[in-house]
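Comments concern the structure below.
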Amino acid sequence: MKKTLLQMVLTCLTLGCIFTANQAVLEHGLEAAEPVSAQTSVTLPVIMYHSILKDTAQAGDYTLSPDDLAADLDYLQAHGYQTVTIADLVQYTDGLADLPEKPVLLTFDDGHYNNYLYAYPLLQARGMQAVLSVIGEQTARFTENGQENPYWSYLSLERLGQMQDVFTLQNHSFALHTTEPRRGCVRMRGESLEDYRTLLTQDTEQTQRLLTDAGLPAPVCYTYPFGFYSSESEELLRSLGFVCTMTCEERLNTLTRDPDCLYRLGRFNRPSGVSTDEFFARVLPGAA
């Protein structure tokens with residue numbers, strides 16, 4: 001006998017995997033409405049950060065100093081940019097709300113403990129919001145061992161809960177943040193489609209359950225490990241109910257009222273060794 005729609009929805013919610021655009025809206029306390037304006041497209045830059053450390057000896061492509069991050073945030077505000085969330089993007093593509101004239105999405109990958117020490121207070125002091133994409137197995141490990149070191153620790157579930165006023169949590173895989181033998185969450189050569197779908201589903205659900213079992217909101221966006229993706233991963237993640245995916249392709253995004261535009265969002269990595277002015281002159285539309 002076929003399941004009713006309600007039964008299917010309840011089953012999926014139990015697994016923590018199905019998140020329609022309307023559910024994402026409701027999770028943030030927003031009600032559905034008629035389209036609010038004729039705004040038809042918006043340019044969205046997405047900035048990708050990783051580790052934030054004071055130790056300049058650690059500076060590199062994926063480690064930035066707190067001072068540089070503060071300069072970035074001040075630059076964005078001084079130039080009229082407003083941070084947005086994934087929920088804001090969903091509302092926009094569903095025709096339920098407009099975005100600011102100059103929106104920007106700030107993302108922090110991996111869930112480093114130093115994001116709590118340095119990025120969190122800087123964003124909080126400025127009333128800015130960001131995405132934090134967690135690697136589930138690292139969150140689980142450091143929740144269990146309780147270690148907190150800015151150089152190598154990852155955020156515990158307790159710390160993630162303390163940062164919800166600034167950070168929206170998204171899924172960065174559970175145990176697929178690797179390049180060997182698998183390139184992120186991409187299907188391996190010789191791997192059957194059935195085995196691949198099972199592995200990616202189980203890995204994705206494991207991070208979903210880790211967060212929701214701790215009382216944290218279920219992620220609605222999947223951040224590809226190392227930016228690796230395929231048509232197969234896109235199809236599966238859509239079937240699991242994710243309304244957004246993020247890559248590491250460095251390009252601006254054009255958002256429309258079509259929800260499909262939220263898949264495979266491009267992002268600009270923020271490295272050390274480049275000034276705030278130089279970086280944003282390259283990545284922001286019209287910046288000089």
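Each chain of the structure tokens is named A, B, ... in the order shown, its residues numbered from 1; ligands are numbered from 1 in display order.
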Discussion item. For the strand (DSSP E or B) assignment from backbone DSSP, which residues of segment 142-243 of chain A qualify? Please present them as a VMD selection string.
Written reply: chain A and resid 154 167 to 171 221 to 223
Output for the residues just chosen: N, CA and C atoms as a tab-separated table (two decimals), in the first residue's frame:
```tsv
chain	number	residue	atom	x	y	z
A	154	TYR	N	38.50	21.36	16.39
A	154	TYR	CA	37.26	21.70	15.69
A	154	TYR	C	36.17	21.98	16.72
A	167	PHE	N	26.01	32.36	13.28
A	167	PHE	CA	26.28	31.33	12.27
A	167	PHE	C	25.09	30.43	12.02
A	168	THR	N	24.81	30.20	10.74
A	168	THR	CA	23.86	29.17	10.32
A	168	THR	C	24.67	27.95	9.90
A	169	LEU	N	24.34	26.79	10.47
A	169	LEU	CA	25.13	25.59	10.22
A	169	LEU	C	24.68	24.90	8.94
A	170	GLN	N	25.66	24.44	8.15
A	170	GLN	CA	25.37	23.68	6.95
A	170	GLN	C	26.25	22.44	6.92
A	171	ASN	N	25.94	21.53	6.00
A	171	ASN	CA	26.54	20.20	5.96
A	171	ASN	C	27.75	20.18	5.03
A	221	CYS	N	21.64	23.34	3.20
A	221	CYS	CA	22.61	23.56	2.14
A	221	CYS	C	23.78	22.60	2.33
A	222	TYR	N	24.29	22.05	1.23
A	222	TYR	CA	25.43	21.13	1.27
A	222	TYR	C	26.63	21.83	0.67
A	223	THR	N	27.72	21.91	1.45
A	223	THR	CA	28.96	22.53	1.00
A	223	THR	C	29.90	21.42	0.55
```
Discussion item. Taking 5 positions as the minimum chain separation for residues in the same chain, which residues sit within 10 Å of segment 210-215 of chain A when counting only C-alpha atoms? Answer as a PyMOL selection string.
Written reply: chain A and resi 14-16+134+136-137+139-140+157-158+160-161+169-171+174+205
Practice prompt. Please identify all polymer residues within 10 Å of Lys54 of chain A, counting only C-alpha atoms, omitting same-chain residues fewer than 3 positions from it, and present them as a PyMOL selection string.
Written response: chain A and resi 57-59+63-68+114+118+150-151
Discussion item. Just want the 9 Å neighbourhood of Thr256 of chain A, counted on only C-alpha atoms, with same-chain residues fewer than 4 positions away dropped. Output as a VMD selection string.
Written reply: chain A and resid 39 to 42 92 to 93 260 to 261
Could you save those same residues with all heavy atoms as a PDB file, in the first residue's frame?
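Saved file result.pdb follows:
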```
ATOM      1  N   GLN A  39      11.620  42.724  -8.442  1.00  0.00           N
ATOM      2  CA  GLN A  39      13.059  42.477  -8.474  1.00  0.00           C
ATOM      3  C   GLN A  39      13.298  41.095  -9.068  1.00  0.00           C
ATOM      4  O   GLN A  39      12.856  40.087  -8.519  1.00  0.00           O
ATOM      5  CB  GLN A  39      13.629  42.551  -7.051  1.00  0.00           C
ATOM      6  CG  GLN A  39      15.146  42.479  -6.981  1.00  0.00           C
ATOM      7  CD  GLN A  39      15.645  42.474  -5.535  1.00  0.00           C
ATOM      8  OE1 GLN A  39      15.078  41.772  -4.702  1.00  0.00           O
ATOM      9  NE2 GLN A  39      16.678  43.244  -5.234  1.00  0.00           N
ATOM     10  N   THR A  40      13.991  41.028 -10.197  1.00  0.00           N
ATOM     11  CA  THR A  40      14.083  39.758 -10.926  1.00  0.00           C
ATOM     12  C   THR A  40      15.443  39.094 -10.849  1.00  0.00           C
ATOM     13  O   THR A  40      15.541  37.888 -11.088  1.00  0.00           O
ATOM     14  CB  THR A  40      13.731  39.968 -12.406  1.00  0.00           C
ATOM     15  OG1 THR A  40      14.606  40.965 -12.956  1.00  0.00           O
ATOM     16  CG2 THR A  40      12.276  40.416 -12.547  1.00  0.00           C
ATOM     17  N   SER A  41      16.501  39.838 -10.551  1.00  0.00           N
ATOM     18  CA  SER A  41      17.819  39.213 -10.427  1.00  0.00           C
ATOM     19  C   SER A  41      18.713  40.060  -9.531  1.00  0.00           C
ATOM     20  O   SER A  41      18.570  41.279  -9.462  1.00  0.00           O
ATOM     21  CB  SER A  41      18.470  39.025 -11.791  1.00  0.00           C
ATOM     22  OG  SER A  41      18.805  40.260 -12.374  1.00  0.00           O
ATOM     23  N   VAL A  42      19.633  39.367  -8.854  1.00  0.00           N
ATOM     24  CA  VAL A  42      20.568  40.018  -7.937  1.00  0.00           C
ATOM     25  C   VAL A  42      21.926  39.334  -8.085  1.00  0.00           C
ATOM     26  O   VAL A  42      21.993  38.104  -8.202  1.00  0.00           O
ATOM     27  CB  VAL A  42      20.094  39.898  -6.466  1.00  0.00           C
ATOM     28  CG1 VAL A  42      21.140  40.475  -5.518  1.00  0.00           C
ATOM     29  CG2 VAL A  42      18.768  40.602  -6.265  1.00  0.00           C
ATOM     30  N   TYR A  92      14.095  34.669  -1.285  1.00  0.00           N
ATOM     31  CA  TYR A  92      14.192  35.447  -2.514  1.00  0.00           C
ATOM     32  C   TYR A  92      13.813  34.606  -3.729  1.00  0.00           C
ATOM     33  O   TYR A  92      13.005  35.031  -4.570  1.00  0.00           O
ATOM     34  CB  TYR A  92      15.609  36.000  -2.683  1.00  0.00           C
ATOM     35  CG  TYR A  92      15.789  36.696  -4.011  1.00  0.00           C
ATOM     36  CD1 TYR A  92      15.296  37.987  -4.207  1.00  0.00           C
ATOM     37  CD2 TYR A  92      16.412  36.062  -5.084  1.00  0.00           C
ATOM     38  CE1 TYR A  92      15.422  38.620  -5.433  1.00  0.00           C
ATOM     39  CE2 TYR A  92      16.543  36.691  -6.302  1.00  0.00           C
ATOM     40  CZ  TYR A  92      16.042  37.971  -6.475  1.00  0.00           C
ATOM     41  OH  TYR A  92      16.156  38.587  -7.694  1.00  0.00           O
ATOM     42  N   THR A  93      14.391  33.422  -3.854  1.00  0.00           N
ATOM     43  CA  THR A  93      14.117  32.603  -5.036  1.00  0.00           C
ATOM     44  C   THR A  93      12.666  32.131  -5.062  1.00  0.00           C
ATOM     45  O   THR A  93      12.116  31.877  -6.145  1.00  0.00           O
ATOM     46  CB  THR A  93      15.051  31.384  -5.101  1.00  0.00           C
ATOM     47  OG1 THR A  93      14.900  30.584  -3.925  1.00  0.00           O
ATOM     48  CG2 THR A  93      16.501  31.830  -5.235  1.00  0.00           C
ATOM     49  N   ASP A 260      16.363  26.902  -8.674  1.00  0.00           N
ATOM     50  CA  ASP A 260      17.498  26.146  -9.197  1.00  0.00           C
ATOM     51  C   ASP A 260      18.794  26.950  -9.170  1.00  0.00           C
ATOM     52  O   ASP A 260      19.886  26.372  -9.198  1.00  0.00           O
ATOM     53  CB  ASP A 260      17.228  25.688 -10.630  1.00  0.00           C
ATOM     54  CG  ASP A 260      16.348  24.453 -10.681  1.00  0.00           C
ATOM     55  OD1 ASP A 260      16.103  23.850  -9.614  1.00  0.00           O
ATOM     56  OD2 ASP A 260      15.898  24.083 -11.782  1.00  0.00           O
ATOM     57  N   CYS A 261      18.702  28.267  -9.099  1.00  0.00           N
ATOM     58  CA  CYS A 261      19.919  29.091  -9.128  1.00  0.00           C
ATOM     59  C   CYS A 261      20.725  28.958  -7.842  1.00  0.00           C
ATOM     60  O   CYS A 261      21.871  29.429  -7.786  1.00  0.00           O
ATOM     61  CB  CYS A 261      19.577  30.553  -9.400  1.00  0.00           C
ATOM     62  SG  CYS A 261      18.750  31.393  -8.032  1.00  0.00           S
TER      63      CYS A 261
END
```
Response to the item:
Using only C-alpha atoms, the shortest atom-to-atom distance to His79 of chain A among A:Gln91, A:Val104, A:Ser275, A:Arg209 belongs to A:Val104
Item to complete: Just the residues within 9 Å of segment 185-194 of chain A, please, counting only C-alpha atoms, with nothing from its chain fewer than 5 positions along; format it as a ChimeraX atom specification.
Response: /A:173,176-178,199-200,224-225,228-230,232-233
How would the residues just picked look written out with all heavy atoms as a tab-separated table (two decimals), in the first residue's frame?
```tsv
chain	number	residue	atom	x	y	z
A	173	SER	N	29.70	17.32	4.82
A	173	SER	CA	29.91	15.87	4.86
A	173	SER	C	30.20	15.42	6.29
A	173	SER	O	30.45	16.23	7.19
A	173	SER	CB	31.02	15.39	3.91
A	173	SER	OG	32.30	15.49	4.51
A	176	LEU	N	33.74	12.57	4.45
A	176	LEU	CA	34.17	12.63	3.05
A	176	LEU	C	35.05	13.85	2.75
A	176	LEU	O	35.29	14.16	1.58
A	176	LEU	CB	32.95	12.62	2.13
A	176	LEU	CG	32.09	11.37	2.20
A	176	LEU	CD1	30.89	11.48	1.27
A	176	LEU	CD2	32.91	10.12	1.86
A	177	HIS	N	35.54	14.51	3.78
A	177	HIS	CA	36.42	15.66	3.56
A	177	HIS	C	37.84	15.14	3.38
A	177	HIS	O	38.71	15.27	4.24
A	177	HIS	CB	36.33	16.64	4.73
A	177	HIS	CG	36.87	18.00	4.40
A	177	HIS	ND1	38.20	18.31	4.56
A	177	HIS	CD2	36.28	19.11	3.90
A	177	HIS	CE1	38.40	19.57	4.19
A	177	HIS	NE2	37.26	20.07	3.78
A	178	THR	N	38.07	14.55	2.22
A	178	THR	CA	39.34	13.91	1.91
A	178	THR	C	39.56	13.92	0.41
A	178	THR	O	38.61	14.09	-0.36
A	178	THR	CB	39.36	12.46	2.44
A	178	THR	OG1	40.62	11.85	2.13
A	178	THR	CG2	38.24	11.64	1.83
A	199	LEU	N	26.36	5.25	0.02
A	199	LEU	CA	27.42	5.88	0.81
A	199	LEU	C	27.15	7.36	1.04
A	199	LEU	O	27.23	7.84	2.17
A	199	LEU	CB	28.77	5.69	0.12
A	199	LEU	CG	29.96	6.35	0.82
A	199	LEU	CD1	31.18	5.44	0.82
A	199	LEU	CD2	30.32	7.68	0.15
A	200	LEU	N	26.82	8.09	-0.03
A	200	LEU	CA	26.63	9.53	0.12
A	200	LEU	C	25.39	9.83	0.97
A	200	LEU	O	25.41	10.76	1.78
A	200	LEU	CB	26.50	10.20	-1.25
A	200	LEU	CG	26.35	11.73	-1.24
A	200	LEU	CD1	27.45	12.40	-0.44
A	200	LEU	CD2	26.32	12.27	-2.67
A	224	TYR	N	30.20	21.35	-0.73
A	224	TYR	CA	31.00	20.26	-1.27
A	224	TYR	C	32.42	20.27	-0.71
A	224	TYR	O	33.11	21.29	-0.79
A	224	TYR	CB	31.06	20.34	-2.79
A	224	TYR	CG	29.83	19.84	-3.48
A	224	TYR	CD1	29.00	20.72	-4.18
A	224	TYR	CD2	29.47	18.49	-3.44
A	224	TYR	CE1	27.85	20.27	-4.83
A	224	TYR	CE2	28.34	18.02	-4.08
A	224	TYR	CZ	27.52	18.91	-4.78
A	224	TYR	OH	26.40	18.46	-5.40
A	225	PRO	N	32.89	19.14	-0.14
A	225	PRO	CA	34.27	19.06	0.31
A	225	PRO	C	35.24	19.32	-0.85
A	225	PRO	O	35.15	18.67	-1.90
A	225	PRO	CB	34.40	17.61	0.81
A	225	PRO	CG	32.99	17.23	1.20
A	225	PRO	CD	32.13	17.92	0.20
A	228	PHE	N	34.48	19.56	-4.90
A	228	PHE	CA	34.27	18.50	-5.89
A	228	PHE	C	32.80	18.11	-5.95
A	228	PHE	O	32.20	17.79	-4.92
A	228	PHE	CB	35.11	17.27	-5.56
A	228	PHE	CG	36.59	17.51	-5.56
A	228	PHE	CD1	37.40	16.93	-4.59
A	228	PHE	CD2	37.18	18.29	-6.53
A	228	PHE	CE1	38.76	17.14	-4.58
A	228	PHE	CE2	38.55	18.51	-6.54
A	228	PHE	CZ	39.35	17.93	-5.57
A	229	TYR	N	32.23	18.10	-7.14
A	229	TYR	CA	30.84	17.68	-7.30
A	229	TYR	C	30.66	17.04	-8.67
A	229	TYR	O	31.55	17.10	-9.53
A	229	TYR	CB	29.89	18.87	-7.14
A	229	TYR	CG	29.95	19.87	-8.27
A	229	TYR	CD1	29.07	19.77	-9.36
A	229	TYR	CD2	30.86	20.93	-8.26
A	229	TYR	CE1	29.12	20.68	-10.40
A	229	TYR	CE2	30.91	21.85	-9.29
A	229	TYR	CZ	30.04	21.71	-10.37
A	229	TYR	OH	30.09	22.61	-11.41
A	230	SER	N	29.51	16.45	-8.89
A	230	SER	CA	29.19	15.82	-10.17
A	230	SER	C	27.68	15.89	-10.37
A	230	SER	O	26.93	16.25	-9.45
A	230	SER	CB	29.64	14.36	-10.17
A	230	SER	OG	28.89	13.61	-9.22
A	232	GLU	N	25.85	13.40	-10.54
A	232	GLU	CA	25.29	12.37	-9.65
A	232	GLU	C	25.12	12.88	-8.23
A	232	GLU	O	24.09	12.63	-7.59
A	232	GLU	CB	26.21	11.14	-9.67
A	232	GLU	CG	26.28	10.46	-11.02
A	232	GLU	CD	27.49	9.55	-11.15
A	232	GLU	OE1	28.51	9.82	-10.47
A	232	GLU	OE2	27.42	8.60	-11.94
A	233	SER	N	26.12	13.63	-7.74
A	233	SER	CA	26.00	14.16	-6.38
A	233	SER	C	24.90	15.22	-6.32
A	233	SER	O	24.13	15.28	-5.35
A	233	SER	CB	27.33	14.76	-5.91
A	233	SER	OG	27.73	15.87	-6.71
```
Practice prompt. Skip Ala125 of chain A itself and residues of its chain fewer than 2 positions away, then list as a ChimeraX atom specification all residues within 12 Å of it, counting only C-alpha atoms.
Written response: /A:70,73-74,118-123,127-129,165-166
Worksheet item: Running DSSP on the backbone, which parts of segment 91-158 of chain A land in helix (DSSP H, G or I), as a PyMOL selection string?
Response: chain A and resi 91-93+113-125+136-145+157-158
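In this model, the gap between atom CA of Asp109 of chain A and atom CA of Arg257 of chain A comes to 26.9 Å.
Note that atom CA of Tyr62 of chain A and atom CA of Tyr81 of chain A are 23.2 Å apart.
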Worksheet item: In Å, how far is it from atom CA of Thr56 of chain A to atom CA of Ser272 of chain A?
Response: 9.3 Å
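Minimum atom-to-atom distances from A:Gln138, A:Ser239, A:Thr276, A:Thr43 to Leu105 of chain A were compared using only C-alpha atoms, and the lowest value belongs to A:Thr43.
Here the question is which of A:Ala130, A:Ala287, A:Val90, A:Val274 gets nearest to Tyr75 of chain A using only C-alpha atoms, and that residue is A:Ala287.
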Closest-contact table, segment 175-220 of chain A side, partner segment 243-250 of chain A, 12 Å, counting only C-alpha atoms, as a Markdown table:
```
| residue | atom | partner | partner_atom | distance |
| --- | --- | --- | --- | --- |
| A:Gly184 | CA | A:Thr247 | CA | 11.5 |
| A:Cys185 | CA | A:Thr247 | CA | 11.9 |
| A:Pro219 | CA | A:Val243 | CA | 9.6 |
| A:Val220 | CA | A:Val243 | CA | 5.9 |
```
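For the set A:Thr107, A:Asn145, A:Thr179, A:Thr198, the residue with the smallest atom-to-atom gap to Leu236 of chain A is A:Thr198, counting only C-alpha atoms.
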Worksheet item: Which of these residues is nearest to His172 of chain A, using only C-alpha atoms: A:Pro45, A:Pro217, A:Pro271, A:Gly111?
Response: A:Gly111
